[in-house]
Structure formats: structure tokens, C-alpha cells
$ cat upload38.txt   # compact mmCIF, C-alpha atoms
# COMPACT_ATOMS: atom_id res chain seq x y z
CA GLU A 1 0.00 0.00 0.00
CA ALA A 2 2.87 2.38 0.84
CA GLU A 3 4.50 1.56 -2.49
CA ALA A 4 1.26 2.32 -4.32
CA GLU A 5 1.11 5.73 -2.65
CA ALA A 6 4.76 6.40 -3.48
CA GLU A 7 4.15 5.52 -7.13
CA GLY A 8 1.18 7.91 -7.27
CA MET A 9 3.33 10.85 -6.12
CA SER A 10 5.16 13.03 -8.60
CA GLU A 11 8.65 14.40 -8.05
CA ASP A 12 7.19 17.81 -7.15
CA ASP A 13 5.10 16.45 -4.24
CA VAL A 14 6.57 16.84 -0.78
CA GLU A 15 6.00 14.31 1.98
CA GLU A 16 6.50 15.43 5.57
CA VAL A 17 8.25 12.92 7.77
CA ALA A 18 8.57 13.21 11.55
CA PRO A 19 12.18 13.48 12.76
CA PRO A 20 13.55 10.34 14.43
CA LEU A 21 13.04 10.20 18.17
CA GLN A 22 16.13 10.62 20.28
CA SER A 23 16.67 8.53 23.37
CA SER A 24 16.18 10.47 26.59
CA ALA A 25 19.88 10.03 27.40
CA ALA A 26 20.91 11.58 24.07
CA ALA A 27 18.36 14.40 24.36
CA ALA A 28 19.31 15.40 27.91
CA PRO A 29 22.11 17.97 28.12
CA SER A 30 25.25 16.85 29.89
CA LEU A 31 25.53 18.28 33.40
CA ALA A 32 28.63 18.66 35.53
CA GLY A 33 29.01 16.14 38.32
CA GLY A 34 26.72 13.56 36.70
CA ASP A 35 23.52 15.27 37.88
CA VAL A 36 20.28 14.25 36.23
CA GLN A 37 18.03 16.82 34.62
CA ILE A 38 14.48 16.03 33.55
CA SER A 39 13.93 17.52 30.11
CA ALA A 40 10.43 16.16 29.48
CA ALA A 41 7.76 14.12 31.21
CA THR A 42 4.41 12.68 30.27
CA GLY A 43 1.32 12.45 32.42
CA LEU A 44 2.26 15.12 34.95
CA LEU A 45 2.06 18.80 34.20
CA PRO A 46 4.24 21.32 36.07
CA GLU A 47 1.23 22.71 37.93
CA HIS A 48 0.61 19.24 39.41
CA LEU A 49 3.98 19.23 41.19
CA PRO A 50 4.90 21.26 44.29
CA HIS A 51 6.79 24.44 43.39
CA GLN A 52 7.83 27.82 44.76
CA ARG A 53 5.25 30.53 44.16
CA ALA A 54 7.70 32.44 41.96
CA LEU A 55 7.91 29.42 39.64
CA CYS A 56 4.16 28.77 39.37
CA PRO A 57 3.19 27.92 35.79
CA LEU A 58 -0.39 29.15 36.31
CA HIS A 59 0.09 32.59 37.89
CA PRO A 60 2.56 35.23 36.64
CA PHE A 61 5.08 36.44 39.22
CA HIS A 62 6.50 39.95 39.49
CA ALA A 63 9.88 39.97 41.22
CA THR A 64 11.03 42.70 43.56
CA GLU A 65 14.65 42.94 44.66
CA ARG A 66 13.88 43.96 48.23
CA PRO A 67 11.17 42.50 50.49
CA VAL A 68 8.08 44.73 50.68
CA ALA A 69 5.19 44.75 53.16
CA ALA A 70 2.30 44.24 50.72
CA PRO A 71 1.69 41.88 47.77
CA VAL A 72 3.03 43.18 44.45
CA ASP A 73 0.99 42.97 41.21
CA GLY A 74 -1.03 39.86 42.03
CA ASN A 75 1.80 37.83 43.60
CA GLU A 76 -0.62 36.67 46.32
CA ALA A 77 -2.47 34.48 43.77
CA ALA A 78 -1.37 30.86 44.08
CA CYS A 79 -2.36 27.41 42.89
CA PRO A 80 -2.87 24.52 45.36
CA ASN A 81 0.72 23.31 44.78
CA CYS A 82 2.48 26.62 45.44
CA TYR A 83 4.87 26.72 48.40
CA CYS A 84 6.14 29.70 50.36
CA LEU A 85 9.88 30.12 49.75
CA VAL A 86 10.49 31.50 53.25
CA CYS A 87 8.32 29.15 55.34
CA ASP A 88 8.92 26.10 53.15
CA ALA A 89 5.23 25.27 53.55
CA ARG A 90 2.11 25.35 51.42
CA VAL A 91 0.80 28.86 50.78
CA SER A 92 -2.32 28.05 52.82
CA GLU A 93 -0.07 27.40 55.87
CA CYS A 94 2.02 30.59 55.57
CA ARG A 95 1.03 33.15 58.24
CA HIS A 96 2.80 35.99 56.41
CA TRP A 97 1.63 35.32 52.86
CA ARG A 98 -0.02 38.72 52.42
CA GLY A 99 2.13 40.54 54.98
CA GLY A 100 0.19 42.84 57.29
CA GLU A 101 2.42 42.65 60.35
CA PRO A 102 4.95 45.40 61.10
CA ARG A 103 8.49 44.54 59.98
CA VAL A 104 7.33 41.28 58.32
CA PRO A 105 7.33 41.45 54.52
CA ALA A 106 4.68 39.71 52.42
CA HIS A 107 6.03 36.23 51.70
CA CYS A 108 4.07 36.08 48.43
CA ASN A 109 6.77 38.32 46.92
CA ALA A 110 9.64 35.98 47.89
CA HIS A 111 11.87 34.53 45.18
CA ALA A 112 15.25 32.80 45.17
CA GLY A 113 16.79 35.46 42.91
CA SER A 114 17.00 37.96 45.78
CA ALA A 115 19.81 37.75 48.35
CA GLU A 116 17.55 39.33 50.99
CA TRP A 117 14.83 36.71 50.46
CA ARG A 118 17.43 33.92 50.60
CA THR A 119 18.65 35.34 53.93
CA GLN A 120 15.06 35.42 55.24
CA ARG A 121 14.63 31.78 54.15
CA SER A 122 17.85 30.74 55.96
CA ASN A 123 16.82 32.56 59.14
CA ALA A 124 13.34 30.99 59.09
CA LYS A 125 14.83 27.52 58.57
CA ARG A 126 17.21 28.07 61.50
CA GLN A 127 14.26 29.09 63.72
CA ARG A 128 12.22 26.02 62.65
CA THR A 129 15.15 23.71 63.40
CA ARG A 130 15.73 25.32 66.81
CA ALA A 131 12.03 25.02 67.70
CA ALA A 132 11.98 21.36 66.62
CA ARG A 133 15.01 20.62 68.83
CA VAL A 134 13.33 22.18 71.86
CA THR A 135 10.12 20.23 71.21
CA GLN A 136 11.96 16.94 70.70
CA ALA A 137 14.13 17.42 73.81
CA ARG A 138 11.01 17.86 75.99
CA LEU A 139 9.22 14.58 75.21
CA PRO A 140 7.89 13.06 78.45
CA CYS A 141 8.79 9.46 79.19
CA SER A 142 5.86 7.04 79.18
CA THR A 143 7.84 3.88 79.91
CA PRO A 144 6.57 1.87 82.95
CA GLY A 145 8.83 2.44 85.92
CA CYS A 146 9.86 5.91 84.78
CA SER A 147 8.27 9.04 86.23
CA ARG A 148 5.83 10.60 83.73
CA GLU A 149 7.22 14.00 84.73
CA ALA A 150 10.75 12.97 83.77
CA TYR A 151 12.03 14.47 80.56
CA HIS A 152 14.87 12.73 78.82
CA ASP A 153 18.13 14.56 78.99
CA GLY A 154 20.28 11.54 78.23
CA LEU A 155 19.07 9.16 80.93
CA CYS A 156 15.66 8.85 82.53
CA SER A 157 15.25 9.68 86.24
CA THR A 158 15.08 6.04 87.34
CA GLU A 159 18.44 5.33 85.71
CA ARG A 160 19.98 8.33 87.46
CA ALA A 161 18.69 7.41 90.91
CA GLY A 162 21.62 6.94 93.28
CA GLY A 163 24.15 7.22 90.48
CA ARG A 164 23.61 3.60 89.45
CA ARG A 165 21.64 1.95 86.71
CA SER A 166 18.27 0.69 87.82
CA ALA A 167 15.08 -0.52 86.13
CA GLY A 168 14.61 2.64 84.10
CA CYS A 169 13.46 2.73 80.53
CA GLY A 170 16.90 3.26 79.01
CA ARG A 171 15.59 5.73 76.42
CA THR A 172 17.50 8.81 75.48
CA ARG A 173 15.94 11.96 74.19
CA SER A 174 15.10 12.48 70.54
CA ARG A 175 17.18 14.96 68.64
CA VAL A 176 16.73 16.66 65.32
CA GLY A 177 19.33 15.56 62.80
CA GLU A 178 20.87 17.57 59.99
CA SER A 179 17.98 16.61 57.73
CA GLY A 180 15.53 18.29 60.13
CA LEU A 181 13.90 14.96 60.95
CA PRO A 182 13.98 13.52 64.47
CA SER A 183 16.41 10.72 65.16
CA VAL A 184 16.82 8.82 68.43
CA HIS A 185 20.34 8.67 69.91
$ encode --input "upload38.txt" --output "C-alpha cells"
Amino acid sequence: EAEAEAEGMSEDDVEEVAPPLQSSAAAAPSLAGGDVQISAATGLLPEHLPHQRALCPLHPFHATERPVAAPVDGNEAACPNCYCLVCDARVSECRHWRGGEPRVPAHCNAHAGSAEWRTQRSNAKRQRTRAARVTQARLPCSTPGCSREAYHDGLCSTERAGGRRSAGCGRTRSRVGESGLPSVH
């Protein structure tokens, strides 16, 4: 059938042919250090994946170099998958999204291209980590034989009694690791 069509065509007719498909390895640009870069995907659209508000594919973003107190040019608009750059949380969970408090800029204007916003992000992350450490260090012991008022500071109160090991629970306090997730030591 294809030969019959080819015979019916004159030399002046043009047939469009799709270019050959490249393998994903050949199509992907080479990155330093062997990093992987996704150049295309099927099934998922960018708006279906979590992203910083400044990178939202649905709502245009207007960058400001310095943090400002109020939303700029519609930056407060966000899709359900937008995250606050500063709080590292969904927009719906950000207390400062639209600003409003004295000396607290509107987080909806935050973007990674600004050194001041990156500093705000680092400071907020440091505060979250510090708060998580305090919370984790104050977990009450619920092990039988250990006082419910005892908080783990390395050894539970029954293990410390009289300077000798007794029938305590043996648990140590939880600490927040470098990843920000609790780990028991």
C-alpha cells in the first residue's frame, strides 16, 4: 500500500516525515558532576507538582529585589501546589503570605533570585530547626517504671537514681538531625 502511494506521487510532491526520536539520554544535556536533569515528562504537568510561588506555571510572578510589606501585582495568587519560599510550607499554611504585620514582609513576593529573600529563608529555617530541637528534647517518658514528669536529657530519672543503673526505661531523648527529621540517639 505504501509503495502504491509512493508511485502515485510526482517528483514535485513533498511528503513530511517526523524526525527520528532521540533517546532520553541523548536528548538530555550533559551536566557537571553527573547530575540528572528532567527535560520532558508525560502524564504530569508542572502545575501538578509542588513548586515555589515564583515558579508557578499558572500565575505570573513579578519579582522585587527587596522584600516589601504588601503583595506586588497579584503575587498573592497561588495554585494549590504553590509553596512559600520562606516558610517552606504550602501557601495556605504561611502566616505571612499577604504581609500585614509590622516589619514582616509579604512572603508572596519571595523569590530565590534575591539575596535578601534567601537570607530570610535561611533565618526561618534556623528558627524552625531550633524550635523542633526544643520540642523533641522535651518529650515526656511514658515507659513503665519511669516518672511521667521525667524528661529525657540523656538518661531517665530512674536510671539516674543513686548514680547507678536501675530498672529505668533506658531511652535517650530524641534529637533533630541535619535533615531536620527527628532521630533517636
$ atom_distance --input "upload38.txt" --atom1 "CA of Arg103 (chain A)" --atom2 "CA of Pro50 (chain A)"
28.3 Å
$ residues_around --input "upload38.txt" --residues "region 86-95 of chain A" --least-positions-apart "4" --cutoff "8 Å" --atoms "all atoms listed in the file" --output "compact mmCIF listing (two decimals) with C-alpha atoms, keeping the file's coordinate frame"
# COMPACT_ATOMS: atom_id res chain seq x y z
CA ALA A 78 -1.37 30.86 44.08
CA PRO A 80 -2.87 24.52 45.36
CA ASN A 81 0.72 23.31 44.78
CA CYS A 82 2.48 26.62 45.44
CA HIS A 107 6.03 36.23 51.70
CA ALA A 110 9.64 35.98 47.89
CA TRP A 117 14.83 36.71 50.46
CA ARG A 118 17.43 33.92 50.60
CA GLN A 120 15.06 35.42 55.24
CA ARG A 121 14.63 31.78 54.15
CA SER A 122 17.85 30.74 55.96
CA ALA A 124 13.34 30.99 59.09
CA LYS A 125 14.83 27.52 58.57
$ atom_distance --input "upload38.txt" --atom1 "CA of Asn123 (chain A)" --atom2 "CA of Glu101 (chain A)"
17.6 Å
$ atom_distance --input "upload38.txt" --atom1 "CA of Pro102 (chain A)" --atom2 "CA of Thr64 (chain A)"
18.8 Å
$ closest_residue --input "upload38.txt" --among "A:His62, A:Trp97, A:Ala70, A:Arg133" --to "His111 (chain A)" --atoms "all atoms listed in the file"
A:His62
$ residues_around --input "upload38.txt" --residues "His59 (chain A)" --least-positions-apart "5" --cutoff "8 Å" --atoms "only C-alpha atoms" --output "short mmCIF file (atom, residue, chain, number, x, y, z; two decimals) with C-alpha atoms, in the coordinates of the input"
data_model
loop_
_atom_site.label_atom_id
_atom_site.label_comp_id
_atom_site.auth_asym_id
_atom_site.auth_seq_id
_atom_site.Cartn_x
_atom_site.Cartn_y
_atom_site.Cartn_z
CA ASN A 75 1.80 37.83 43.60
CA ALA A 77 -2.47 34.48 43.77
CA ALA A 78 -1.37 30.86 44.08
CA CYS A 79 -2.36 27.41 42.89
#
$ residues_near_point --input "upload38.txt" --point "(11.4, 43.1, 48.3)" --cutoff "9 Å" --atoms "only C-alpha atoms" --output "VMD selection string"
chain A and resid 63 to 69 105 to 106 109 to 110 114 116 to 117
